[in-house]
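Shown next: my_file_26.txt, containing compact mmCIF, C-alpha atoms.
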```txt
# COMPACT_ATOMS: atom_id res chain seq x y z
CA MET A 1 -36.27 6.29 -8.10
CA LYS A 2 -39.74 7.20 -9.30
CA PRO A 3 -42.44 6.15 -6.81
CA ALA A 4 -44.44 3.14 -7.97
CA GLY A 5 -47.97 3.69 -9.20
CA PRO A 6 -50.91 2.31 -7.19
CA LEU A 7 -51.49 -0.51 -9.68
CA PHE A 8 -47.93 -1.77 -9.51
CA HIS A 9 -47.99 -1.42 -5.71
CA ALA A 10 -51.19 -3.49 -5.46
CA PHE A 11 -49.78 -6.07 -7.87
CA ALA A 12 -46.60 -6.34 -5.80
CA VAL A 13 -48.54 -6.77 -2.55
CA VAL A 14 -50.72 -9.54 -3.99
CA VAL A 15 -48.01 -11.44 -5.84
CA VAL A 16 -45.36 -11.27 -3.12
CA SER A 17 -47.87 -12.10 -0.36
CA ALA A 18 -48.99 -15.17 -2.31
CA TRP A 19 -45.39 -16.23 -2.85
CA LEU A 20 -44.57 -15.78 0.83
CA LEU A 21 -47.66 -17.73 1.92
CA LEU A 22 -46.46 -20.57 -0.26
CA ALA A 23 -43.01 -20.29 1.30
CA PHE A 24 -44.56 -20.19 4.79
CA ALA A 25 -46.51 -23.40 4.13
CA PHE A 26 -43.34 -25.08 2.90
CA LEU A 27 -41.32 -23.92 5.92
CA LEU A 28 -44.03 -25.12 8.32
CA VAL A 29 -44.40 -28.50 6.65
CA THR A 30 -40.66 -29.03 6.59
CA ARG A 31 -40.45 -27.87 10.23
CA ARG A 32 -37.99 -25.13 9.50
CA LEU A 33 -40.34 -22.76 11.30
CA PRO A 34 -41.72 -23.72 14.74
CA ALA A 35 -45.33 -24.83 14.16
CA GLY A 36 -46.04 -24.67 17.93
CA LEU A 37 -45.87 -20.88 17.81
CA VAL A 38 -49.13 -20.60 15.92
CA GLY A 39 -50.98 -22.78 18.46
CA LYS A 40 -49.57 -20.82 21.38
CA ALA A 41 -50.71 -17.58 19.79
CA MET A 42 -54.29 -18.88 19.48
CA LEU A 43 -54.46 -19.83 23.16
CA ALA A 44 -52.79 -16.70 24.50
CA PRO A 45 -55.94 -14.51 24.86
CA PHE A 46 -57.47 -17.06 27.30
CA ARG A 47 -54.57 -17.04 29.74
CA ARG A 48 -54.62 -15.08 33.04
CA ARG A 49 -52.48 -11.95 32.73
CA HIS A 50 -49.15 -12.09 34.50
CA ARG A 51 -47.98 -9.41 36.98
CA ALA A 52 -44.84 -9.43 39.12
CA THR A 53 -42.26 -7.25 40.80
CA LEU A 54 -38.70 -7.81 39.68
CA VAL A 55 -36.25 -8.33 42.49
CA ALA A 56 -32.87 -9.55 41.27
CA PHE A 57 -30.89 -7.92 38.48
CA ARG A 58 -27.73 -9.11 36.79
CA PRO A 59 -25.55 -6.85 34.63
CA GLU A 60 -25.24 -8.25 31.11
CA GLN A 61 -23.25 -6.17 28.62
CA GLY A 62 -23.20 -2.47 27.86
CA ARG A 63 -26.34 -0.83 29.27
CA CYS A 64 -28.22 -4.09 29.59
CA PHE A 65 -29.38 -5.85 32.77
CA VAL A 66 -31.24 -9.15 33.03
CA ALA A 67 -33.98 -10.14 35.47
CA ASP A 68 -35.87 -13.42 35.78
CA VAL A 69 -39.60 -13.53 35.05
CA ALA A 70 -42.04 -16.40 35.27
CA ALA A 71 -41.51 -19.22 32.82
CA GLY A 72 -44.41 -20.01 30.51
CA VAL A 73 -45.48 -16.42 29.90
CA PRO A 74 -45.45 -15.93 26.10
CA SER A 75 -42.27 -14.05 25.22
CA ASP A 76 -40.56 -12.64 22.15
CA ALA A 77 -38.59 -15.87 22.00
CA ASP A 78 -41.74 -17.70 20.99
CA VAL A 79 -45.15 -16.30 20.21
CA GLY A 80 -44.47 -12.68 21.12
CA SER A 81 -44.52 -10.86 24.43
CA ARG A 82 -47.20 -8.53 25.76
CA LEU A 83 -45.25 -7.84 28.91
CA VAL A 84 -44.82 -4.18 29.81
CA LEU A 85 -41.92 -3.16 32.02
CA LEU A 86 -42.74 -0.45 34.54
CA GLU A 87 -40.21 1.76 36.29
CA ASP A 88 -41.79 3.17 39.44
CA GLY A 89 -45.14 2.43 37.82
CA VAL A 90 -44.32 4.18 34.53
CA PRO A 91 -44.03 2.02 31.39
CA LEU A 92 -40.61 2.10 29.79
CA PRO A 93 -40.81 3.27 26.19
CA HIS A 94 -39.35 0.61 23.89
CA ALA A 95 -40.50 -3.02 24.06
CA HIS A 96 -39.45 -5.86 21.72
CA CYS A 97 -35.96 -4.43 21.18
CA THR A 98 -33.05 -6.53 20.03
CA HIS A 99 -30.55 -7.36 22.74
CA ASP A 100 -27.89 -5.58 20.76
CA GLU A 101 -29.97 -2.39 20.76
CA ILE A 102 -30.52 -2.64 24.52
CA ARG A 103 -26.80 -3.01 25.13
CA ARG A 104 -25.84 -0.19 22.78
CA LEU A 105 -28.62 2.32 23.10
CA GLY A 106 -30.19 1.69 26.51
CA GLY A 107 -32.75 4.40 27.24
CA GLY A 108 -35.52 2.18 28.58
CA ARG A 109 -35.34 -0.46 25.84
CA TYR A 110 -36.30 -3.98 26.79
CA SER A 111 -37.02 -7.46 25.57
CA HIS A 112 -38.94 -10.29 27.16
CA TRP A 113 -37.05 -13.36 26.03
CA GLY A 114 -37.95 -16.78 27.42
CA ALA A 115 -38.01 -16.54 31.21
CA GLN A 116 -35.86 -13.43 31.28
CA LEU A 117 -36.32 -9.73 30.86
CA TRP A 118 -33.44 -7.95 29.17
CA PHE A 119 -33.61 -4.23 29.76
CA ALA A 120 -31.94 -0.89 30.25
CA THR A 121 -33.30 1.62 32.75
CA SER A 122 -34.70 4.92 31.47
CA ASP A 123 -31.45 6.77 32.24
CA ASP A 124 -29.12 3.76 31.87
CA SER A 125 -28.48 3.75 35.62
CA ASP A 126 -27.91 0.54 37.57
CA PRO A 127 -31.29 -0.90 38.70
CA ARG A 128 -29.55 -2.51 41.70
CA THR A 129 -28.64 0.87 43.15
CA ASN A 130 -30.90 3.54 41.63
CA GLY A 131 -33.63 3.03 44.23
CA ARG A 132 -36.45 2.53 41.71
CA ARG A 133 -39.01 -0.27 41.65
CA TYR A 134 -39.33 -2.43 38.56
CA SER A 135 -42.39 -4.50 37.79
CA VAL A 136 -43.94 -6.23 34.82
CA GLU A 137 -47.51 -6.72 33.74
CA GLU A 138 -49.04 -8.41 30.76
CA ARG A 139 -51.40 -6.21 28.77
CA MET B 1 -9.45 13.95 -8.02
CA SER B 2 -8.18 12.74 -4.65
CA ALA B 3 -4.50 11.82 -4.16
CA LEU B 4 -5.86 8.54 -2.78
CA LEU B 5 -6.18 7.48 -6.42
CA ASP B 6 -2.43 6.79 -6.41
CA LEU B 7 -2.98 3.91 -3.99
CA PHE B 8 -4.77 1.67 -6.46
CA ALA B 9 -2.90 -1.31 -7.89
CA CYS B 10 -3.66 -3.76 -10.65
CA PRO B 11 -5.80 -6.62 -9.26
CA ALA B 12 -4.17 -8.97 -11.78
CA CYS B 13 -0.45 -8.26 -11.45
CA GLN B 14 -0.22 -6.09 -8.32
CA ARG B 15 1.63 -3.22 -10.01
CA ARG B 16 0.75 0.40 -9.30
CA LEU B 17 -1.72 1.89 -11.75
CA GLU B 18 -1.10 5.02 -13.76
CA ARG B 19 -3.73 7.63 -14.56
CA ASP B 20 -4.53 7.64 -18.27
CA GLY B 21 -7.28 10.13 -19.08
CA ASP B 22 -10.54 8.75 -17.69
CA ALA B 23 -9.02 5.44 -16.67
CA LEU B 24 -6.31 3.77 -14.63
CA ARG B 25 -3.90 1.72 -16.70
CA CYS B 26 -1.40 -0.98 -15.81
CA THR B 27 1.79 -1.86 -17.68
CA CYS B 28 0.35 -5.38 -18.01
CA GLY B 29 -2.28 -3.91 -20.34
CA SER B 30 -5.31 -3.91 -18.05
CA ARG B 31 -7.41 -0.76 -18.06
CA HIS B 32 -9.91 0.30 -15.42
CA PRO B 33 -12.27 3.12 -16.39
CA ILE B 34 -13.22 5.96 -14.07
CA VAL B 35 -16.93 6.48 -14.61
CA ARG B 36 -18.73 9.38 -12.91
CA GLY B 37 -15.74 9.85 -10.61
CA VAL B 38 -15.58 6.18 -9.54
CA PRO B 39 -12.76 3.84 -10.63
CA ARG B 40 -14.32 0.56 -11.76
CA PHE B 41 -12.46 -2.72 -11.27
CA VAL B 42 -15.39 -4.99 -12.14
CA PRO B 43 -17.50 -5.09 -15.32
CA ASP B 44 -20.84 -5.14 -13.45
CA ASP B 45 -22.40 -5.60 -10.02
CA GLY B 46 -22.21 -9.41 -10.13
CA TYR B 47 -24.26 -11.12 -7.44
CA VAL B 48 -25.21 -7.97 -5.51
CA GLY B 49 -27.86 -6.44 -7.74
CA SER B 50 -30.23 -6.14 -4.78
CA PHE B 51 -27.75 -3.83 -3.05
CA SER B 52 -27.42 -1.71 -6.18
CA PHE B 53 -31.17 -1.19 -6.06
CA GLU B 54 -31.36 -0.76 -2.29
CA TRP B 55 -28.66 1.85 -1.80
CA ASN B 56 -29.67 3.95 -4.76
CA THR B 57 -33.26 3.92 -3.47
CA HIS B 58 -32.31 4.65 0.14
CA ASP B 59 -29.17 6.64 -0.56
CA THR B 60 -29.44 8.90 2.49
CA THR B 61 -31.68 6.95 4.89
CA GLN B 62 -28.81 5.91 7.16
CA LEU B 63 -26.51 8.91 6.71
CA ASP B 64 -25.97 10.70 10.00
CA SER B 65 -25.50 14.02 8.20
CA LYS B 66 -28.96 13.73 6.64
CA ARG B 67 -30.70 12.16 9.63
CA GLY B 68 -29.33 14.65 12.12
CA ASP B 69 -28.54 11.95 14.65
CA SER B 70 -25.65 9.61 15.45
CA MET B 71 -27.19 6.29 14.39
CA THR B 72 -24.26 5.28 12.18
CA ALA B 73 -21.57 6.70 14.48
CA ASP B 74 -23.09 4.74 17.39
CA THR B 75 -23.19 1.57 15.31
CA LEU B 76 -19.58 2.03 14.21
CA ARG B 77 -18.43 2.50 17.79
CA ALA B 78 -20.46 -0.43 19.11
CA LYS B 79 -19.43 -2.85 16.38
CA THR B 80 -15.75 -1.95 16.08
CA GLY B 81 -14.83 -0.32 19.39
CA LEU B 82 -12.77 2.16 17.33
CA THR B 83 -12.38 5.68 18.65
CA GLU B 84 -11.24 8.93 17.09
CA ALA B 85 -7.74 8.27 18.48
CA ASP B 86 -7.61 5.00 16.53
CA LEU B 87 -8.65 6.69 13.29
CA ARG B 88 -7.30 10.26 13.09
CA GLY B 89 -4.77 10.55 10.27
CA LYS B 90 -5.05 6.84 9.42
CA LEU B 91 -5.65 5.32 6.01
CA VAL B 92 -8.84 3.28 6.30
CA LEU B 93 -10.43 0.77 3.94
CA ASP B 94 -14.23 0.62 4.22
CA ALA B 95 -14.85 -2.78 2.65
CA GLY B 96 -18.43 -2.75 1.38
CA LEU B 97 -19.33 0.88 1.85
CA GLY B 98 -22.93 0.82 0.59
CA SER B 99 -24.16 4.39 0.38
CA GLY B 100 -21.12 5.58 2.33
CA ARG B 101 -22.62 5.83 5.82
CA PHE B 102 -19.56 4.50 7.68
CA SER B 103 -17.09 6.23 5.35
CA GLU B 104 -18.73 9.53 6.18
CA VAL B 105 -18.29 8.94 9.92
CA LEU B 106 -14.73 7.63 9.50
CA ALA B 107 -13.73 10.71 7.50
CA GLY B 108 -15.45 12.88 10.09
CA LEU B 109 -13.18 11.32 12.72
CA GLY B 110 -10.12 12.37 10.76
CA ALA B 111 -9.39 9.26 8.69
CA ARG B 112 -8.50 9.14 4.99
CA VAL B 113 -10.92 6.61 3.58
CA ILE B 114 -11.06 4.36 0.54
CA GLY B 115 -14.52 2.84 0.24
CA VAL B 116 -15.11 -0.09 -2.07
CA ASP B 117 -18.27 -1.92 -3.03
CA LEU B 118 -19.11 -4.47 -5.69
CA SER B 119 -22.58 -3.03 -6.17
CA LEU B 120 -23.71 0.13 -7.88
CA ALA B 121 -24.15 1.55 -4.39
CA VAL B 122 -20.94 3.33 -5.35
CA GLU B 123 -23.09 5.78 -7.33
CA ALA B 124 -24.97 6.74 -4.17
CA ALA B 125 -21.76 6.80 -2.12
CA ARG B 126 -20.03 9.06 -4.62
CA LYS B 127 -23.02 11.42 -4.54
CA ASN B 128 -23.04 11.42 -0.74
CA LEU B 129 -19.32 11.78 -0.19
CA GLY B 130 -18.75 14.21 -3.04
CA ASP B 131 -15.39 15.50 -4.13
CA ARG B 132 -13.69 15.52 -0.76
CA ASP B 133 -9.94 14.85 -0.75
CA ASP B 134 -10.06 12.50 2.22
CA VAL B 135 -12.44 9.93 0.67
CA ILE B 136 -12.45 8.01 -2.57
CA VAL B 137 -15.01 5.46 -3.74
CA ALA B 138 -14.26 2.51 -6.04
CA GLN B 139 -16.30 -0.35 -7.46
CA ALA B 140 -14.40 -3.55 -6.76
CA ASP B 141 -14.75 -7.09 -5.47
CA ILE B 142 -13.63 -7.62 -1.86
CA GLY B 143 -12.21 -10.97 -2.93
CA ARG B 144 -9.94 -9.34 -5.50
CA LEU B 145 -9.17 -5.84 -4.31
CA PRO B 146 -7.00 -3.42 -6.29
CA PHE B 147 -4.43 -2.63 -3.61
CA LEU B 148 -0.89 -3.64 -2.73
CA ARG B 149 -0.20 -5.71 0.37
CA GLU B 150 0.23 -3.73 3.60
CA THR B 151 -1.54 -0.60 2.36
CA PHE B 152 -4.00 0.19 5.14
CA ASP B 153 -3.72 1.21 8.79
CA VAL B 154 -7.30 0.18 9.50
CA ILE B 155 -9.84 -2.00 7.68
CA VAL B 156 -13.50 -2.01 8.65
CA SER B 157 -16.24 -4.18 7.18
CA ILE B 158 -19.55 -3.96 8.97
CA GLY B 159 -22.40 -6.16 7.83
CA VAL B 160 -20.86 -7.02 4.49
CA LEU B 161 -18.74 -10.19 4.43
CA HIS B 162 -21.71 -12.50 5.09
CA HIS B 163 -23.15 -11.34 1.76
CA THR B 164 -20.23 -12.83 -0.17
CA PRO B 165 -20.17 -16.45 -1.40
CA ASP B 166 -17.63 -17.35 1.31
CA THR B 167 -17.44 -15.13 4.39
CA ARG B 168 -14.20 -16.54 5.76
CA LYS B 169 -12.39 -16.48 2.43
CA HIS B 170 -13.32 -12.85 1.86
CA PHE B 171 -12.21 -11.94 5.39
CA GLU B 172 -8.88 -13.64 4.71
CA ALA B 173 -8.50 -11.63 1.49
CA LEU B 174 -8.57 -8.43 3.55
CA VAL B 175 -5.90 -9.30 6.10
CA PRO B 176 -2.86 -9.06 3.75
CA LEU B 177 -3.86 -5.49 2.92
CA LEU B 178 -3.21 -4.42 6.53
CA LYS B 179 0.08 -2.79 7.47
CA PRO B 180 1.97 -4.42 10.35
CA GLY B 181 0.42 -2.96 13.49
CA GLY B 182 -2.79 -2.23 11.59
CA THR B 183 -6.27 -3.02 12.83
CA ILE B 184 -9.12 -4.91 11.19
CA ALA B 185 -12.67 -4.84 12.57
CA ILE B 186 -15.63 -6.75 11.17
CA TRP B 187 -19.20 -7.55 12.08
CA VAL B 188 -21.10 -10.43 10.49
CA TYR B 189 -24.57 -11.86 11.08
CA PRO B 190 -24.67 -14.05 14.19
CA ASP B 191 -25.87 -17.64 14.08
CA GLU B 192 -28.80 -16.99 16.43
CA GLY B 193 -32.45 -15.99 16.81
CA ASP B 194 -33.93 -13.91 14.03
CA TYR B 195 -30.93 -14.44 11.77
CA GLN B 196 -31.49 -18.21 11.82
CA THR B 197 -35.18 -17.82 11.08
CA ARG B 198 -34.45 -15.37 8.28
CA ASN B 199 -31.99 -17.82 6.78
CA HIS B 200 -34.89 -20.20 6.04
CA TRP B 201 -36.80 -17.51 4.16
CA ILE B 202 -33.91 -16.19 2.10
CA PRO B 203 -34.01 -18.84 -0.67
CA TRP B 204 -37.61 -17.77 -1.30
CA THR B 205 -37.39 -14.02 -0.88
CA ASN B 206 -34.20 -13.48 -2.85
CA LYS B 207 -35.83 -14.98 -5.93
CA LEU B 208 -38.27 -12.10 -6.12
CA PRO B 209 -37.52 -9.19 -8.45
CA PRO B 210 -36.08 -6.41 -6.24
CA ARG B 211 -38.58 -3.74 -7.28
CA LEU B 212 -41.54 -6.04 -6.64
CA PHE B 213 -40.27 -7.18 -3.24
CA TYR B 214 -39.39 -3.62 -2.28
CA GLU B 215 -42.96 -2.44 -2.90
CA TRP B 216 -44.20 -5.28 -0.71
CA CYS B 217 -41.73 -4.27 2.03
CA ARG B 218 -43.14 -0.74 2.03
CA TRP B 219 -46.67 -2.13 2.41
CA PHE B 220 -45.65 -4.64 5.08
CA VAL B 221 -43.88 -2.10 7.30
CA ARG B 222 -46.88 0.23 7.09
CA VAL B 223 -49.29 -2.56 8.06
CA MET B 224 -47.10 -3.79 10.92
CA GLN B 225 -46.76 -0.26 12.30
CA LYS B 226 -50.56 -0.01 12.48
CA ARG B 227 -50.64 -3.34 14.34
CA ARG B 228 -47.77 -2.45 16.66
CA GLY B 229 -48.08 -4.13 20.04
CA SER B 230 -50.74 -6.59 18.91
CA ARG B 231 -50.43 -10.34 19.36
CA LEU B 232 -50.61 -10.80 15.58
CA GLN B 233 -47.71 -8.43 15.03
CA SER B 234 -45.62 -10.24 17.65
CA LEU B 235 -46.37 -13.59 16.08
CA ILE B 236 -45.50 -12.39 12.58
CA ALA B 237 -42.30 -10.83 13.88
CA ARG B 238 -41.25 -14.19 15.27
CA LEU B 239 -42.10 -16.15 12.16
CA PHE B 240 -40.90 -13.52 9.70
CA PRO B 241 -38.44 -11.32 11.65
CA TYR B 242 -38.28 -7.75 10.47
CA SER B 243 -36.74 -4.53 11.63
CA ARG B 244 -38.58 -2.77 14.45
CA GLN B 245 -35.79 -0.44 15.41
CA SER B 246 -36.48 3.04 16.65
CA TYR B 247 -34.91 4.75 13.65
CA GLY B 248 -38.04 5.46 11.64
CA ALA B 249 -40.21 3.75 9.02
CA GLU B 250 -37.88 4.41 6.09
CA ASN B 251 -35.07 2.67 7.95
CA ASP B 252 -37.40 -0.25 8.73
CA VAL B 253 -38.27 -0.60 5.03
CA LEU B 254 -34.60 -0.47 4.10
CA ASP B 255 -33.65 -2.99 6.77
CA LEU B 256 -36.44 -5.38 5.82
CA PHE B 257 -35.46 -5.33 2.16
CA ASP B 258 -31.78 -5.56 3.09
CA GLY B 259 -32.40 -8.57 5.31
CA TYR B 260 -34.31 -10.67 2.81
CA SER B 261 -33.13 -9.76 -0.67
CA PRO B 262 -29.41 -10.68 -0.84
CA ARG B 263 -28.23 -13.71 -2.75
CA TYR B 264 -25.89 -14.74 0.07
CA HIS B 265 -26.78 -14.61 3.76
CA GLY B 266 -24.09 -16.23 5.89
CA ILE B 267 -24.59 -16.62 9.65
CA HIS B 268 -21.69 -17.32 11.99
CA SER B 269 -21.03 -18.00 15.65
CA PRO B 270 -18.84 -15.68 17.73
CA ASP B 271 -16.34 -18.51 18.24
CA GLN B 272 -16.17 -19.11 14.52
CA VAL B 273 -15.34 -15.44 13.84
CA LEU B 274 -12.77 -15.31 16.64
CA GLY B 275 -11.26 -18.46 15.13
CA TRP B 276 -10.77 -16.72 11.76
CA PHE B 277 -8.89 -13.93 13.52
CA ARG B 278 -6.68 -16.38 15.42
CA ASP B 279 -5.98 -18.42 12.29
CA ALA B 280 -4.95 -15.22 10.50
CA ASP B 281 -2.40 -14.62 13.30
CA LEU B 282 -4.12 -11.45 14.44
CA ILE B 283 -3.55 -10.41 18.04
CA ASP B 284 -5.13 -8.20 20.74
CA LEU B 285 -8.53 -9.59 19.83
CA TRP B 286 -11.57 -7.64 20.98
CA SER B 287 -15.10 -8.93 20.78
CA GLY B 288 -17.86 -6.36 21.01
CA PRO B 289 -21.23 -6.55 22.68
CA ALA B 290 -22.74 -7.49 19.32
CA HIS B 291 -21.03 -10.91 19.71
CA THR B 292 -19.93 -11.39 16.12
CA SER B 293 -18.21 -8.01 16.02
CA VAL B 294 -14.51 -8.75 16.32
CA ARG B 295 -11.43 -6.57 16.02
CA GLY B 296 -7.79 -7.63 15.85
CA ARG B 297 -4.33 -6.25 15.18
CA LYS B 298 -1.67 -7.47 12.81
CA PRO B 299 1.60 -8.00 14.69
```
Would you mind writing the file out in structure tokens?
Amino acid sequence: MKPAGPLFHAFAVVVVSAWLLLAFAFLLVTRRLPAGLVGKAMLAPFRRRHRATLVAFRPEQGRCFVADVAAGVPSDADVGSRLVLLEDGVPLPHAHCTHDEIRRLGGGRYSHWGAQLWFATSDDSDPRTNGRRYSVEER
Amino acid sequence: MSALLDLFACPACQRRLERDGDALRCTCGSRHPIVRGVPRFVPDDGYVGSFSFEWNTHDTTQLDSKRGDSMTADTLRAKTGLTEADLRGKLVLDAGLGSGRFSEVLAGLGARVIGVDLSLAVEAARKNLGDRDDVIVAQADIGRLPFLRETFDVIVSIGVLHHTPDTRKHFEALVPLLKPGGTIAIWVYPDEGDYQTRNHWIPWTNKLPPRLFYEWCRWFVRVMQKRRGSRLQSLIARLFPYSRQSYGAENDVLDLFDGYSPRYHGIHSPDQVLGWFRDADLIDLWSGPAHTSVRGRKP
């Protein structure tokens, strides 16, 4: 396929964005999308940043383990998470992953979902026995 | 052309087809042309025009041989649980092959593969899979496939059936094509999280002309990558879920377009999919970590 010219590209961006804004308004008004998310996102910068050490891990499926984190911290299940998972103080590389990716690919992928952290360790080892310390902090 | 061509049957009367120049012909009078090396059992790409555009635009984006990684092989293993031992020497139907990414892996594991797709993705697949004897590509409708009953040892359909007008009905159309003892493995969109949210957008996004929406997708992925990790990006990703996988920007563009452009976008619960397998009298059911990936065997 021939690459689009800059004019067509700009036209597409404007027209489709306008169409999607219209769709967004409709979906909000008809409550198909959660309106509370937008409000939560506005308040998020004023909250105190959360830090904690994770202590209990449950195996989920594949390479994935689950740990509990504090409820009420914005997560990817609502407004979007800013939680960073640290392994012995070093941030793991892939946040906001799908749970399927974490199970399949491991390698330090994680997701903060509701009051839980779904994650795989950097080398897919078992966090209950690998002797490393896992903590989270909101950035 | 591949000996696999002999396996095609008339979709109307179920008789074997005979080669007749650049076509396959049935004694009932039906004729199916072979165009650019691809037997055609449908007059056009029906309701899947977006896939025709998508796979001919991103013909190699998800091919392991071009990427130099095992993205597709990993996905195949995770979503079907099939191993080389299950596939070597087997006749496999790849139902909805797209640009041929799974067919390439299946053939690499020693299977003989027939890949079918309703869309013009078959052009890309044919280009990618070439003239090899162990793979043949055909343009056909999964709901009316040109094969005799009990033809295949293995049938795989990953991420395809939910794009048909009736996911269950199209799954049920595949089962008779399995040999006794054969295995069928599918993955469909789950009825959860991002897939539910996306379902609300689809009636709006799939009305857009593919080329126009595709250009927007390219812009959107670029903007979101610049905003990666920001609160705004997280919020947008929740309200308008898009691919943020670690397979590169081109794959993200492809996935975004793929997720929002199809005419049909079925979502299903794991129990629902397992129920289809049970109702079809399939046994030894396996459900993969991707929840709605289910595999079963015909007794």
Inset, instruction - Skip A:Ala12 itself and residues of its chain fewer than 6 positions away, then list as a VMD selection string all residues within 10 Å of it, counting only C-alpha atoms. - result: (chain A and resid 4 6 18) or (chain B and resid 209 211 to 217 219)
Inset, instruction - Would you mind listing what lies within 9 Å of stretch 91-105 of chain B as a VMD selection string, with only C-alpha atoms counted and same-chain residues fewer than 4 positions away left out? - result: chain B and resid 51 to 52 55 to 56 58 to 60 62 to 65 72 to 73 75 to 76 87 109 to 129 135 137 141 to 142 151 to 161 174
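Nearest residue to chain A among B:Arg168, B:Arg198, B:Lys298, B:Arg278 is B:Arg198, counting only C-alpha atoms.
Note that the spacing between atom CA of B:Cys28 and atom CA of B:Ala12 amounts to 8.5 Å.
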Legend entry - Exercise answer, chain A residues close to chain B, 9 Å and only C-alpha atoms, as an NGL selection string: :A and (1 or 4 or 8-17 or 19-20 or 23-24 or 27 or 32-34 or 37-38 or 41 or 44-45 or 61-62 or 76-82 or 94-101 or 103-105)
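From atom CA of B:Arg132 back to atom CA of B:Gly46, the distance works out to 28.0 Å.
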Inset, instruction - Do a neighbour search on A:Glu137 at 12 Å with all atoms listed in the file, toss out local chain neighbours closer than 6 positions, and write the hits as a list of chain:residue names. - result: A:Arg48, A:Arg49, A:His50, A:Arg51, A:Ala52, A:Thr53, A:Leu54, A:Val69, A:Ala70, A:Val73, A:Ser81, A:Arg82, A:Leu83, A:Val84, A:Leu85, A:Leu86, A:Glu87, A:Gly89, A:Val90, A:Pro91, A:Leu92, A:His112, A:Leu117
Stretch 127-131 of chain A environment, 9 Å, only C-alpha atoms, sequence neighbours closer than 4 positions dropped, as a PDB file with C-alpha atoms, keeping the file's coordinate frame:
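Below is the file that was written, result-v2.pdb:
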```pdb
ATOM      1  CA  VAL A  55     -36.250  -8.330  42.490  1.00  0.00           C
ATOM      2  CA  ALA A  56     -32.870  -9.550  41.270  1.00  0.00           C
ATOM      3  CA  PHE A  57     -30.890  -7.920  38.480  1.00  0.00           C
ATOM      4  CA  ARG A  58     -27.730  -9.110  36.790  1.00  0.00           C
ATOM      5  CA  PHE A  65     -29.380  -5.850  32.770  1.00  0.00           C
ATOM      6  CA  ALA A 120     -31.940  -0.890  30.250  1.00  0.00           C
ATOM      7  CA  THR A 121     -33.300   1.620  32.750  1.00  0.00           C
TER       8      THR A 121
END
```
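Atom CA of B:Trp276 lies 16.2 Å from atom CA of B:Thr80.
In this comparison, which uses all atoms listed in the file, the residue of A:Arg31, A:Asp123, A:Leu7, A:Glu138 approaching A:Cys64 most closely is A:Asp123.
Closest approach to A:Asp124 among A:Arg139, A:Ser111, A:Phe26, A:Gly106 is made by A:Gly106 (distances from only C-alpha atoms).
For the residues A:Gly72, A:Gly5, A:Leu21, A:Arg63, ranking by smallest atom-to-atom distance to A:Ser122 using only C-alpha atoms places A:Arg63 first.
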Inset, instruction - Within 9 Å of stretch 279-286 of chain B, counting all atoms listed in the file, which residues show up once you throw out same-chain ones fewer than 3 positions away? Write them as a ChimeraX atom specification, please. - result: /B:80-81,172,175,183-185,274-276,293-299
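Of the listed residues A:Pro3, A:Val29, A:Asp68, A:Arg132, the one whose atoms come nearest to A:Asp88 is A:Arg132, with distances taken using only C-alpha atoms.
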Taking N, CA and C atoms as the atom set, what does stretch 29-38 of chain B look like once completed, written as a PDB file, in the frame of the given file?
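Result went into rebuild.pdb, see below:
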```pdb
ATOM      1  N   GLY B  29      -1.274  -4.093 -19.291  1.00  0.00           N
ATOM      2  CA  GLY B  29      -2.280  -3.910 -20.340  1.00  0.00           C
ATOM      3  C   GLY B  29      -3.691  -3.749 -19.819  1.00  0.00           C
ATOM      4  N   SER B  30      -3.938  -4.045 -18.564  1.00  0.00           N
ATOM      5  CA  SER B  30      -5.310  -3.910 -18.050  1.00  0.00           C
ATOM      6  C   SER B  30      -5.666  -2.428 -17.895  1.00  0.00           C
ATOM      7  N   ARG B  31      -6.925  -2.145 -18.109  1.00  0.00           N
ATOM      8  CA  ARG B  31      -7.410  -0.760 -18.060  1.00  0.00           C
ATOM      9  C   ARG B  31      -8.683  -0.716 -17.239  1.00  0.00           C
ATOM     10  N   HIS B  32      -8.761   0.207 -16.315  1.00  0.00           N
ATOM     11  CA  HIS B  32      -9.910   0.300 -15.420  1.00  0.00           C
ATOM     12  C   HIS B  32     -10.512   1.706 -15.540  1.00  0.00           C
ATOM     13  N   PRO B  33     -11.697   1.795 -16.131  1.00  0.00           N
ATOM     14  CA  PRO B  33     -12.270   3.120 -16.390  1.00  0.00           C
ATOM     15  C   PRO B  33     -12.692   3.836 -15.107  1.00  0.00           C
ATOM     16  N   ILE B  34     -12.655   5.153 -15.166  1.00  0.00           N
ATOM     17  CA  ILE B  34     -13.220   5.960 -14.070  1.00  0.00           C
ATOM     18  C   ILE B  34     -14.512   6.548 -14.611  1.00  0.00           C
ATOM     19  N   VAL B  35     -15.619   6.065 -14.099  1.00  0.00           N
ATOM     20  CA  VAL B  35     -16.930   6.480 -14.610  1.00  0.00           C
ATOM     21  C   VAL B  35     -17.659   7.274 -13.526  1.00  0.00           C
ATOM     22  N   ARG B  36     -18.065   8.478 -13.858  1.00  0.00           N
ATOM     23  CA  ARG B  36     -18.730   9.380 -12.910  1.00  0.00           C
ATOM     24  C   ARG B  36     -17.930   9.495 -11.615  1.00  0.00           C
ATOM     25  N   GLY B  37     -16.612   9.612 -11.755  1.00  0.00           N
ATOM     26  CA  GLY B  37     -15.740   9.850 -10.610  1.00  0.00           C
ATOM     27  C   GLY B  37     -15.384   8.613  -9.817  1.00  0.00           C
ATOM     28  N   VAL B  38     -15.801   7.429 -10.294  1.00  0.00           N
ATOM     29  CA  VAL B  38     -15.580   6.180  -9.540  1.00  0.00           C
ATOM     30  C   VAL B  38     -14.736   5.210 -10.373  1.00  0.00           C
TER      31      VAL B  38
END
```
